$ cat data02.txt   # compact mmCIF, C-alpha atoms
# COMPACT_ATOMS: atom_id res chain seq x y z
CA MET A 428 -77.51 -8.67 47.82
CA LYS A 429 -77.48 -12.28 46.72
CA SER A 430 -74.46 -14.40 47.43
CA TYR A 431 -71.80 -15.25 44.92
CA PHE A 432 -71.67 -18.89 43.88
CA LYS A 433 -69.39 -19.78 41.04
CA ALA A 434 -68.01 -17.60 38.26
CA PRO A 435 -69.49 -18.54 34.88
CA LYS A 436 -67.48 -18.29 31.66
CA VAL A 437 -67.09 -14.62 30.86
CA SER A 438 -65.54 -12.79 27.91
CA GLY A 439 -61.91 -11.69 27.70
CA ALA A 440 -62.94 -8.02 27.71
CA VAL A 441 -64.76 -8.41 31.04
CA ILE A 442 -61.80 -10.32 32.50
CA LYS A 443 -59.52 -7.46 31.43
CA ARG A 444 -61.74 -4.98 33.28
CA LEU A 445 -61.97 -6.98 36.53
CA PRO A 446 -58.51 -5.93 37.78
CA MET A 447 -59.50 -2.32 37.06
CA TYR A 448 -62.67 -2.72 39.15
CA TYR A 449 -60.48 -4.14 41.90
CA ARG A 450 -58.04 -1.24 41.67
CA PHE A 451 -60.75 1.45 41.87
CA LEU A 452 -62.72 -0.29 44.64
CA PHE A 453 -59.57 -0.87 46.69
CA SER A 454 -58.74 2.82 46.39
CA LEU A 455 -62.27 3.83 47.47
CA TYR A 456 -62.12 1.38 50.36
CA ASN A 457 -58.76 2.80 51.46
CA ASN A 458 -60.28 6.28 51.37
CA HIS A 459 -63.14 5.13 53.63
CA VAL A 460 -65.84 5.53 50.99
CA GLU A 461 -68.76 3.32 52.10
CA ARG A 462 -71.16 3.47 49.17
CA ILE A 463 -70.90 4.33 45.49
CA SER A 464 -73.50 4.53 42.75
CA SER A 465 -72.99 2.75 39.44
CA ARG A 466 -72.95 6.20 37.81
CA GLU A 467 -70.10 7.46 39.99
CA LEU A 468 -68.06 4.27 39.74
CA SER A 469 -68.49 3.99 35.96
CA HIS A 470 -67.57 7.68 35.55
CA MET A 471 -64.34 7.15 37.55
CA MET A 472 -63.49 4.16 35.38
CA GLY A 473 -64.30 5.83 32.08
CA ILE A 474 -66.99 3.33 31.08
CA THR A 475 -70.79 3.72 30.84
CA SER A 476 -72.94 2.77 33.83
CA SER A 477 -74.85 0.25 31.71
CA GLN A 478 -71.51 -1.34 30.80
CA LEU A 479 -70.68 -1.56 34.50
CA ARG A 480 -74.02 -3.09 35.44
CA GLN A 481 -73.71 -5.55 32.57
CA ASP A 482 -70.16 -6.57 33.63
CA LEU A 483 -71.20 -7.18 37.23
CA SER A 484 -74.33 -9.06 36.20
CA HIS A 485 -72.07 -11.92 35.09
CA PHE A 486 -71.26 -12.60 38.72
CA GLY A 487 -74.57 -12.19 40.50
CA GLU A 488 -76.95 -9.42 41.54
CA PHE A 489 -75.31 -6.58 43.40
CA GLY A 490 -76.43 -3.22 44.67
CA GLN A 491 -79.83 -1.94 45.67
CA GLN A 492 -81.90 0.26 43.40
CA GLY A 493 -81.21 3.86 44.41
CA TYR A 494 -78.64 2.98 47.08
CA GLY A 495 -75.68 1.98 44.92
CA TYR A 496 -73.06 -0.53 45.94
CA ARG A 497 -71.47 -1.09 49.33
CA VAL A 498 -67.76 -0.65 48.57
CA ASP A 499 -66.53 -3.26 51.06
CA GLU A 500 -68.97 -5.90 49.82
CA LEU A 501 -68.26 -5.30 46.15
CA LEU A 502 -64.49 -5.28 46.81
CA LYS A 503 -64.78 -8.62 48.64
CA ILE A 504 -66.79 -10.13 45.80
CA ILE A 505 -64.43 -8.91 43.06
CA SER A 506 -61.49 -10.19 45.14
CA ASP A 507 -63.14 -13.61 45.40
CA ILE A 508 -63.87 -13.69 41.67
CA LEU A 509 -60.27 -12.78 40.87
CA GLY A 510 -58.93 -15.43 43.22
CA ILE A 511 -57.03 -12.91 45.38
CA THR A 512 -58.37 -14.63 48.49
CA ASN A 513 -56.66 -17.86 47.36
CA HIS A 514 -53.30 -16.48 48.58
CA TYR A 515 -51.12 -17.74 45.76
CA THR A 516 -47.39 -18.30 46.21
CA GLY A 517 -44.65 -17.64 43.67
CA VAL A 518 -40.97 -17.80 42.81
CA ILE A 519 -38.92 -15.44 40.67
CA ILE A 520 -36.49 -16.93 38.13
CA GLY A 521 -33.79 -14.38 37.33
CA ALA A 522 -32.22 -12.08 39.92
CA GLY A 523 -31.28 -9.21 37.61
CA ASN A 524 -32.47 -5.64 38.14
CA ILE A 525 -36.02 -6.28 37.03
CA GLY A 526 -36.31 -9.56 38.96
CA ARG A 527 -35.19 -7.85 42.15
CA ALA A 528 -37.49 -4.89 41.52
CA ILE A 529 -40.48 -7.20 41.05
CA LEU A 530 -39.58 -8.95 44.31
CA THR A 531 -40.17 -5.70 46.19
CA TYR A 532 -43.30 -4.69 44.25
CA PRO A 533 -45.70 -3.31 46.88
CA GLY A 534 -48.83 -4.46 45.02
CA PHE A 535 -48.24 -8.15 45.86
CA ILE A 536 -49.19 -8.05 49.54
CA GLN A 537 -52.42 -6.18 48.78
CA ARG A 538 -53.27 -8.95 46.29
CA GLY A 539 -52.53 -11.78 48.73
CA PHE A 540 -49.54 -12.94 46.68
CA MET A 541 -46.28 -14.00 48.31
CA VAL A 542 -42.94 -14.54 46.55
CA MET A 543 -41.21 -17.32 48.47
CA GLY A 544 -37.95 -17.68 46.53
CA ILE A 545 -35.68 -16.13 43.91
CA PHE A 546 -33.37 -18.20 41.71
CA ASP A 547 -30.51 -17.52 39.30
CA ASN A 548 -27.74 -19.50 37.62
CA ASP A 549 -25.07 -16.82 37.97
CA PRO A 550 -22.56 -17.94 40.68
CA LYS A 551 -21.88 -14.28 41.50
CA LYS A 552 -25.53 -13.70 42.41
CA ILE A 553 -26.20 -16.97 44.27
CA GLY A 554 -26.09 -16.48 48.02
CA GLN A 555 -26.64 -12.72 47.83
CA THR A 556 -29.79 -11.39 49.46
CA ALA A 557 -32.70 -9.73 47.71
CA ARG A 558 -35.45 -8.37 49.97
CA ASP A 559 -35.28 -10.94 52.79
CA LEU A 560 -34.42 -13.94 50.58
CA TYR A 561 -31.16 -15.63 49.65
CA ILE A 562 -30.78 -16.00 45.89
CA LYS A 563 -30.74 -19.76 45.29
CA PRO A 564 -29.11 -21.78 42.48
CA MET A 565 -31.34 -23.12 39.71
CA ASP A 566 -30.60 -26.75 40.58
CA GLU A 567 -32.47 -26.28 43.87
CA LEU A 568 -35.57 -25.07 42.03
CA PRO A 569 -37.38 -28.41 41.41
CA GLN A 570 -37.25 -29.47 45.07
CA PHE A 571 -38.28 -25.99 46.23
CA LEU A 572 -41.29 -25.89 43.89
CA GLN A 573 -42.53 -29.23 45.16
CA GLU A 574 -41.86 -28.75 48.86
CA GLU A 575 -43.36 -25.26 48.98
CA HIS A 576 -46.28 -26.09 46.63
CA ILE A 577 -45.52 -23.02 44.52
CA ASP A 578 -48.44 -21.82 42.36
CA ILE A 579 -46.82 -19.27 40.06
CA GLY A 580 -43.39 -18.91 38.44
CA ILE A 581 -42.28 -15.43 37.42
CA ILE A 582 -39.74 -15.59 34.59
CA VAL A 583 -37.42 -12.60 34.37
CA THR A 584 -34.49 -14.24 32.57
CA PRO A 585 -32.97 -13.31 29.20
CA ALA A 586 -35.01 -14.70 26.28
CA LYS A 587 -32.63 -17.61 25.65
CA SER A 588 -33.00 -19.04 29.19
CA ALA A 589 -36.75 -18.55 29.53
CA GLN A 590 -37.96 -21.79 27.93
CA ILE A 591 -35.66 -23.92 30.13
CA ALA A 592 -36.95 -22.14 33.23
CA ALA A 593 -40.55 -22.59 32.04
CA ASP A 594 -40.04 -26.33 31.51
CA VAL A 595 -38.72 -26.79 35.07
CA LEU A 596 -41.65 -24.80 36.46
CA VAL A 597 -44.24 -26.82 34.54
CA GLU A 598 -42.62 -30.18 35.37
CA ASN A 599 -42.81 -29.31 39.05
CA GLY A 600 -46.44 -28.36 39.21
CA VAL A 601 -46.90 -24.60 38.90
CA LYS A 602 -50.37 -23.53 37.78
CA GLY A 603 -49.34 -20.32 36.08
CA ILE A 604 -46.36 -18.46 34.61
CA TRP A 605 -45.97 -14.70 34.60
CA ASN A 606 -43.46 -14.16 31.82
CA PHE A 607 -41.34 -11.00 31.49
CA ALA A 608 -38.77 -12.55 29.11
CA PRO A 609 -39.18 -11.21 25.56
CA THR A 610 -40.03 -14.57 24.03
CA ASP A 611 -43.10 -16.71 23.37
CA LEU A 612 -43.01 -19.77 25.61
CA LYS A 613 -44.21 -23.22 24.56
CA ILE A 614 -46.25 -24.39 27.53
CA ALA A 615 -48.63 -27.30 28.14
CA ASP A 616 -52.28 -26.27 27.92
CA ASN A 617 -53.00 -26.94 31.59
CA VAL A 618 -50.66 -24.14 32.72
CA ILE A 619 -51.73 -20.50 32.26
CA VAL A 620 -49.22 -18.03 30.82
CA GLU A 621 -49.54 -14.28 31.15
CA ASN A 622 -46.94 -12.31 29.20
CA MET A 623 -45.59 -8.89 30.19
CA TYR A 624 -43.61 -7.76 27.18
CA LEU A 625 -42.14 -4.39 28.19
CA GLY A 626 -40.52 -3.94 24.78
CA ASP A 627 -43.78 -4.60 22.92
CA SER A 628 -45.64 -2.06 25.04
CA LEU A 629 -42.98 0.57 24.33
CA LEU A 630 -43.14 -0.14 20.59
CA GLU A 631 -46.92 0.28 20.66
CA LEU A 632 -46.37 3.69 22.25
CA PHE A 633 -43.80 4.58 19.54
CA TYR A 634 -46.22 3.53 16.82
CA LYS A 635 -49.08 5.61 18.21
CA ILE A 636 -46.85 8.67 18.62
CA LYS A 637 -45.66 8.33 15.03
CA GLU A 638 -49.20 7.83 13.73
CA ARG A 639 -50.39 10.89 15.67
CA SER A 640 -47.58 13.13 14.40
CA GLU A 641 -48.22 12.02 10.79
CA SER A 642 -51.91 12.84 11.05
CA GLU A 643 -51.21 16.40 12.18
CA MET B 715 -40.72 -5.10 -3.55
CA LYS B 716 -42.53 -1.78 -3.69
CA SER B 717 -41.44 1.00 -1.42
CA TYR B 718 -43.19 1.94 1.79
CA PHE B 719 -44.90 5.31 1.72
CA LYS B 720 -47.08 6.20 4.64
CA ALA B 721 -48.81 3.96 7.17
CA PRO B 722 -52.57 4.01 6.69
CA LYS B 723 -54.99 3.69 9.63
CA VAL B 724 -54.83 0.08 10.82
CA SER B 725 -56.77 -1.82 13.46
CA GLY B 726 -55.73 -2.16 17.09
CA ALA B 727 -55.21 -5.90 16.67
CA VAL B 728 -52.68 -5.37 13.89
CA ILE B 729 -50.91 -2.68 15.92
CA LYS B 730 -50.68 -5.13 18.83
CA ARG B 731 -49.02 -7.71 16.54
CA LEU B 732 -46.47 -5.31 15.03
CA PRO B 733 -44.12 -5.42 18.05
CA MET B 734 -44.31 -9.23 17.88
CA TYR B 735 -43.30 -9.16 14.19
CA TYR B 736 -40.43 -6.89 15.16
CA ARG B 737 -39.35 -9.24 17.97
CA PHE B 738 -39.32 -12.36 15.77
CA LEU B 739 -37.67 -10.65 12.80
CA PHE B 740 -35.00 -9.11 15.03
CA SER B 741 -34.25 -12.55 16.45
CA LEU B 742 -34.01 -14.09 12.94
CA TYR B 743 -31.76 -11.24 11.80
CA ASN B 744 -29.51 -11.73 14.84
CA ASN B 745 -29.26 -15.41 13.95
CA HIS B 746 -28.16 -14.52 10.39
CA VAL B 747 -31.33 -15.90 8.74
CA GLU B 748 -31.55 -14.19 5.33
CA ARG B 749 -34.94 -15.30 4.00
CA ILE B 750 -38.12 -16.65 5.52
CA SER B 751 -41.38 -17.82 3.97
CA SER B 752 -44.72 -16.51 5.21
CA ARG B 753 -45.49 -20.09 6.25
CA GLU B 754 -42.39 -20.40 8.45
CA LEU B 755 -42.74 -16.92 9.98
CA SER B 756 -46.45 -17.34 10.71
CA HIS B 757 -45.78 -20.77 12.25
CA MET B 758 -43.15 -19.29 14.59
CA MET B 759 -45.58 -16.58 15.61
CA GLY B 760 -48.54 -18.88 16.11
CA ILE B 761 -50.76 -17.16 13.53
CA THR B 762 -51.94 -18.37 10.11
CA SER B 763 -49.95 -17.43 7.02
CA SER B 764 -53.01 -15.75 5.50
CA GLN B 765 -53.27 -13.64 8.67
CA LEU B 766 -49.61 -12.68 8.28
CA ARG B 767 -50.00 -11.73 4.61
CA GLN B 768 -53.11 -9.74 5.44
CA ASP B 769 -51.37 -7.87 8.28
CA LEU B 770 -48.41 -6.92 6.09
CA SER B 771 -50.65 -5.93 3.18
CA HIS B 772 -51.67 -2.87 5.24
CA PHE B 773 -48.18 -1.47 4.76
CA GLY B 774 -47.34 -2.26 1.12
CA GLU B 775 -46.45 -5.27 -1.01
CA PHE B 776 -43.63 -7.37 0.41
CA GLY B 777 -42.01 -10.63 -0.54
CA GLN B 778 -41.74 -12.39 -3.88
CA GLN B 779 -43.98 -15.27 -4.82
CA GLY B 780 -42.11 -18.46 -3.93
CA TYR B 781 -39.06 -16.68 -2.47
CA GLY B 782 -40.48 -15.47 0.86
CA TYR B 783 -39.35 -12.33 2.63
CA ARG B 784 -35.85 -10.94 2.98
CA VAL B 785 -35.46 -10.72 6.77
CA ASP B 786 -33.32 -7.55 6.76
CA GLU B 787 -35.73 -5.71 4.45
CA LEU B 788 -38.84 -6.72 6.37
CA LEU B 789 -37.18 -5.85 9.71
CA LYS B 790 -36.26 -2.41 8.34
CA ILE B 791 -39.80 -1.82 7.12
CA ILE B 792 -41.44 -2.93 10.36
CA SER B 793 -38.96 -0.76 12.28
CA ASP B 794 -39.89 2.25 10.14
CA ILE B 795 -43.60 1.56 10.62
CA LEU B 796 -43.16 1.32 14.38
CA GLY B 797 -41.13 4.52 14.51
CA ILE B 798 -38.06 2.83 15.98
CA THR B 799 -35.88 4.69 13.50
CA ASN B 800 -37.15 7.98 14.98
CA HIS B 801 -34.77 7.54 17.96
CA TYR B 802 -37.06 8.76 20.70
CA THR B 803 -35.72 10.16 23.97
CA GLY B 804 -37.20 9.68 27.43
CA VAL B 805 -37.01 10.48 31.11
CA ILE B 806 -37.96 8.30 34.08
CA ILE B 807 -40.00 9.85 36.91
CA GLY B 808 -39.45 7.82 40.09
CA ALA B 809 -36.10 6.34 41.10
CA GLY B 810 -37.39 3.41 43.15
CA ASN B 811 -36.49 -0.21 42.42
CA ILE B 812 -38.66 -0.51 39.33
CA GLY B 813 -37.62 2.89 37.96
CA ARG B 814 -33.95 1.97 38.26
CA ALA B 815 -34.57 -1.46 36.77
CA ILE B 816 -36.31 0.07 33.75
CA LEU B 817 -33.38 2.45 33.31
CA THR B 818 -31.09 -0.52 32.67
CA TYR B 819 -33.57 -2.44 30.49
CA PRO B 820 -31.49 -3.87 27.62
CA GLY B 821 -34.34 -3.70 25.09
CA PHE B 822 -34.16 0.10 24.83
CA ILE B 823 -30.96 0.39 22.80
CA GLN B 824 -32.17 -2.18 20.28
CA ARG B 825 -35.33 -0.08 19.84
CA GLY B 826 -33.42 3.18 19.34
CA PHE B 827 -34.75 4.60 22.62
CA MET B 828 -32.53 6.55 25.00
CA VAL B 829 -33.39 7.49 28.60
CA MET B 830 -31.68 10.85 29.20
CA GLY B 831 -32.67 11.57 32.80
CA ILE B 832 -34.17 10.13 35.98
CA PHE B 833 -36.03 12.28 38.52
CA ASP B 834 -37.35 11.85 42.06
CA ASN B 835 -38.56 14.11 44.86
CA ASP B 836 -36.92 12.13 47.68
CA PRO B 837 -33.92 14.15 49.01
CA LYS B 838 -32.20 10.88 49.97
CA LYS B 839 -32.24 9.70 46.33
CA ILE B 840 -31.38 12.99 44.63
CA GLY B 841 -27.71 13.12 43.66
CA GLN B 842 -27.25 9.33 43.76
CA THR B 843 -26.33 7.66 40.50
CA ALA B 844 -28.45 5.17 38.58
CA ARG B 845 -26.81 3.63 35.50
CA ASP B 846 -24.65 6.59 34.39
CA LEU B 847 -27.11 9.30 35.43
CA TYR B 848 -27.43 11.49 38.52
CA ILE B 849 -30.92 11.34 40.00
CA LYS B 850 -32.25 14.89 39.65
CA PRO B 851 -34.88 16.75 41.72
CA MET B 852 -38.38 17.14 40.28
CA ASP B 853 -38.11 20.95 40.16
CA GLU B 854 -35.45 20.62 37.45
CA LEU B 855 -37.78 18.50 35.30
CA PRO B 856 -39.56 21.27 33.30
CA GLN B 857 -36.32 22.89 32.10
CA PHE B 858 -34.78 19.48 31.31
CA LEU B 859 -37.79 18.38 29.24
CA GLN B 860 -37.65 21.55 27.16
CA GLU B 861 -33.90 21.80 26.69
CA GLU B 862 -33.46 18.11 25.80
CA HIS B 863 -36.67 17.95 23.68
CA ILE B 864 -37.78 14.82 25.52
CA ASP B 865 -40.36 12.74 23.63
CA ILE B 866 -41.53 10.26 26.27
CA GLY B 867 -42.02 10.38 30.04
CA ILE B 868 -41.93 7.08 31.95
CA ILE B 869 -43.93 7.35 35.18
CA VAL B 870 -42.86 4.90 37.89
CA THR B 871 -44.08 6.82 40.94
CA PRO B 872 -46.63 5.72 43.55
CA ALA B 873 -50.21 6.18 42.34
CA LYS B 874 -50.76 9.39 44.32
CA SER B 875 -47.85 11.25 42.65
CA ALA B 876 -48.46 10.04 39.11
CA GLN B 877 -50.96 12.69 37.97
CA ILE B 878 -48.72 15.56 39.12
CA ALA B 879 -45.81 14.04 37.21
CA ALA B 880 -48.00 13.54 34.15
CA ASP B 881 -49.15 17.18 34.21
CA VAL B 882 -45.55 18.44 34.26
CA LEU B 883 -44.63 16.10 31.39
CA VAL B 884 -47.58 17.23 29.26
CA GLU B 885 -47.05 20.93 29.99
CA ASN B 886 -43.48 20.63 28.81
CA GLY B 887 -44.12 18.99 25.49
CA VAL B 888 -43.76 15.20 25.73
CA LYS B 889 -45.55 13.28 22.99
CA GLY B 890 -46.18 10.13 24.99
CA ILE B 891 -46.36 8.74 28.52
CA TRP B 892 -45.46 5.17 29.47
CA ASN B 893 -47.27 4.76 32.78
CA PHE B 894 -46.31 2.09 35.35
CA ALA B 895 -48.16 3.76 38.26
CA PRO B 896 -51.33 1.83 39.21
CA THR B 897 -53.69 4.68 38.36
CA ASP B 898 -55.61 6.00 35.36
CA LEU B 899 -54.13 9.32 34.28
CA LYS B 900 -56.17 12.24 32.96
CA ILE B 901 -54.20 13.40 29.94
CA ALA B 902 -54.87 15.81 27.06
CA ASP B 903 -55.90 14.03 23.87
CA ASN B 904 -52.81 15.06 21.94
CA VAL B 905 -50.51 13.03 24.22
CA ILE B 906 -50.48 9.22 23.91
CA VAL B 907 -50.62 7.14 27.11
CA GLU B 908 -49.60 3.50 27.27
CA ASN B 909 -50.30 1.84 30.62
CA MET B 910 -48.27 -1.01 32.09
CA TYR B 911 -50.30 -2.18 35.07
CA LEU B 912 -48.23 -4.96 36.65
CA GLY B 913 -50.88 -5.60 39.29
CA ASP B 914 -53.68 -5.91 36.70
CA SER B 915 -51.67 -8.43 34.70
CA LEU B 916 -51.06 -10.51 37.82
CA LEU B 917 -54.75 -10.44 38.73
CA GLU B 918 -55.65 -11.62 35.22
CA LEU B 919 -53.30 -14.56 35.77
CA PHE B 920 -54.94 -15.30 39.17
CA TYR B 921 -58.38 -15.22 37.58
CA LYS B 922 -57.44 -17.61 34.79
CA ILE B 923 -55.80 -20.05 37.23
CA LYS B 924 -58.91 -20.00 39.41
CA GLU B 925 -61.21 -20.44 36.40
CA ARG B 926 -59.08 -23.36 35.16
CA SER B 927 -59.04 -25.12 38.54
CA GLU B 928 -62.81 -24.72 38.89
CA SER B 929 -63.42 -26.26 35.47
CA GLU B 930 -61.38 -29.35 36.34

$ encode --input "data02.txt" --output "structure tokens"
Amino acid sequence: MKSYFKAPKVSGAVIKRLPMYYRFLFSLYNNHVERISSRELSHMMGITSSQLRQDLSHFGEFGQQGYGYRVDELLKIISDILGITNHYTGVIIGAGNIGRAILTYPGFIQRGFMVMGIFDNDPKKIGQTARDLYIKPMDELPQFLQEEHIDIGIIVTPAKSAQIAADVLVENGVKGIWNFAPTDLKIADNVIVENMYLGDSLLELFYKIKERSESE
Amino acid sequence: MKSYFKAPKVSGAVIKRLPMYYRFLFSLYNNHVERISSRELSHMMGITSSQLRQDLSHFGEFGQQGYGYRVDELLKIISDILGITNHYTGVIIGAGNIGRAILTYPGFIQRGFMVMGIFDNDPKKIGQTARDLYIKPMDELPQFLQEEHIDIGIIVTPAKSAQIAADVLVENGVKGIWNFAPTDLKIADNVIVENMYLGDSLLELFYKIKERSESE
């Protein structure tokens, strides 16, 4: 296996599949599977094996003809490509039910991500604990972001407060925003935004159910 | 304005934008905006006005030349297309932090969706309340699904329990599954699955941050 140097520009569709590769490989690794063929792995993932080989070819040459992939090696490489090994830090803005639930999300540790603080502007919530953190007031956010060198802000506020939170995050140096608020944020181009619109996903499900029932 | 008859087959990209149309129109409606031009609406949404007109042309002829769209009419039409006016019912499987947070998600009521039950197999959780519901044991799920004619099952279990939950949901007549468990479910073709992989979304953000920092 050749070593991995630097990820070239790859298409959005491949990027969307990388987390899925990670998820399947992590599960195999956890189940002590040592080797897997491209046929088996692609079958598990519901893609063709030529699609799989083509995806991975963007990042180097993996696997040995007839021997398949070593699960631990491929997992390490995909983790590197995804930046999991960078150990990013984050804060959560908004200590409502969903904010607190995200704080305890078990998938973070596995992905090398650590939430260092949770902030809210509701005096009733400030000072309460969530997981092992005190909920801090919003006016302490700028200093916290700078002192702790926070990489990612997770916005879980109502829509009307989300842009203000985003502006504070960007002004204080975050590299990315993971936005759960149901609004489109205006953000400088040098900061990455990834939206998780729960409501949009549910509406897509509604639409497909309706379309299916009308076609029957 | 001509009336809306039946939604024809439209592309995945248009379907993905429909919830966004709904979100912006609902916000305009809430702010008592009566009319909006295709130019203004498309600008808000970050698409071109010809894209907007083309999207909407899939569903009929809306708007009057030079007068724009009536917000209430267009919101009603988009809601019908999405199936919001069908008033779907749901259950949540998994009463952990994220399951309970989803139960109180304020976007459901607005979308005509009602969660009627929450289920878990942990004896410590069964009988506790979440929102206004008692957490019920999994063995009561089949009867509940049938008696309440539940449309949608929301799976918020650990990955290893998700397929079992999905099988019970499908066997008892749900039309759709909204899956938050980090696993790919095997589901009969007549049931729609919409996946919400939090971990995948976070990894996509990591990847884009890493790619951006490498290109600098």

$ interface_residues --input "data02.txt" --of "chain B" --to "chain A" --cutoff "6 Å" --atoms "all atoms listed in the file" --output "PyMOL selection string"
chain B and resi 733+796-797+811-812+815+908+914+917+919-921+924

$ atom_distance --input "data02.txt" --atom1 "CA of Val601 (chain A)" --atom2 "CA of Lys563 (chain A)"
18.0 Å

$ atom_distance --input "data02.txt" --atom1 "CA of Arg753 (chain B)" --atom2 "CA of Ala608 (chain A)"
25.0 Å

$ closest_residue --input "data02.txt" --among "B:Met830, B:Ala727, B:Thr762, B:Leu739" --to "Asp846 (chain B)" --atoms "only C-alpha atoms"
B:Met830

$ residues_around --input "data02.txt" --residues "Asp769 (chain B)" --least-positions-apart "4" --cutoff "8 Å" --atoms "all atoms listed in the file" --output "VMD selection string"
chain B and resid 728 765 773

$ write_last_selection --input "data02.txt" --atoms "C-alpha atoms" --output "mmCIF file, keeping the file's coordinate frame"
data_model
loop_
_atom_site.group_PDB
_atom_site.id
_atom_site.type_symbol
_atom_site.label_atom_id
_atom_site.label_comp_id
_atom_site.auth_asym_id
_atom_site.auth_seq_id
_atom_site.Cartn_x
_atom_site.Cartn_y
_atom_site.Cartn_z
ATOM 1 C CA VAL B 728 -52.680 -5.370 13.890
ATOM 2 C CA GLN B 765 -53.270 -13.640 8.670
ATOM 3 C CA PHE B 773 -48.180 -1.470 4.760
#

$ atom_distance --input "data02.txt" --atom1 "CA of Gly521 (chain A)" --atom2 "CA of Val583 (chain A)"
5.0 Å

$ closest_residue --input "data02.txt" --among "A:Ala592, A:Val498, A:Leu479, A:Val460" --to "Lys613 (chain A)" --atoms "all atoms listed in the file"
A:Ala592

$ residues_around --input "data02.txt" --residues "Ile577 (chain A)" --least-positions-apart "5" --cutoff "7 Å" --atoms "all atoms listed in the file" --output "number ranges by chain"
A: 516-517, 572, 601

$ residues_around --input "data02.txt" --residues "Gly841 (chain B)" --least-positions-apart "5" --cutoff "12 Å" --atoms "all atoms listed in the file" --output "count of residues only"
13
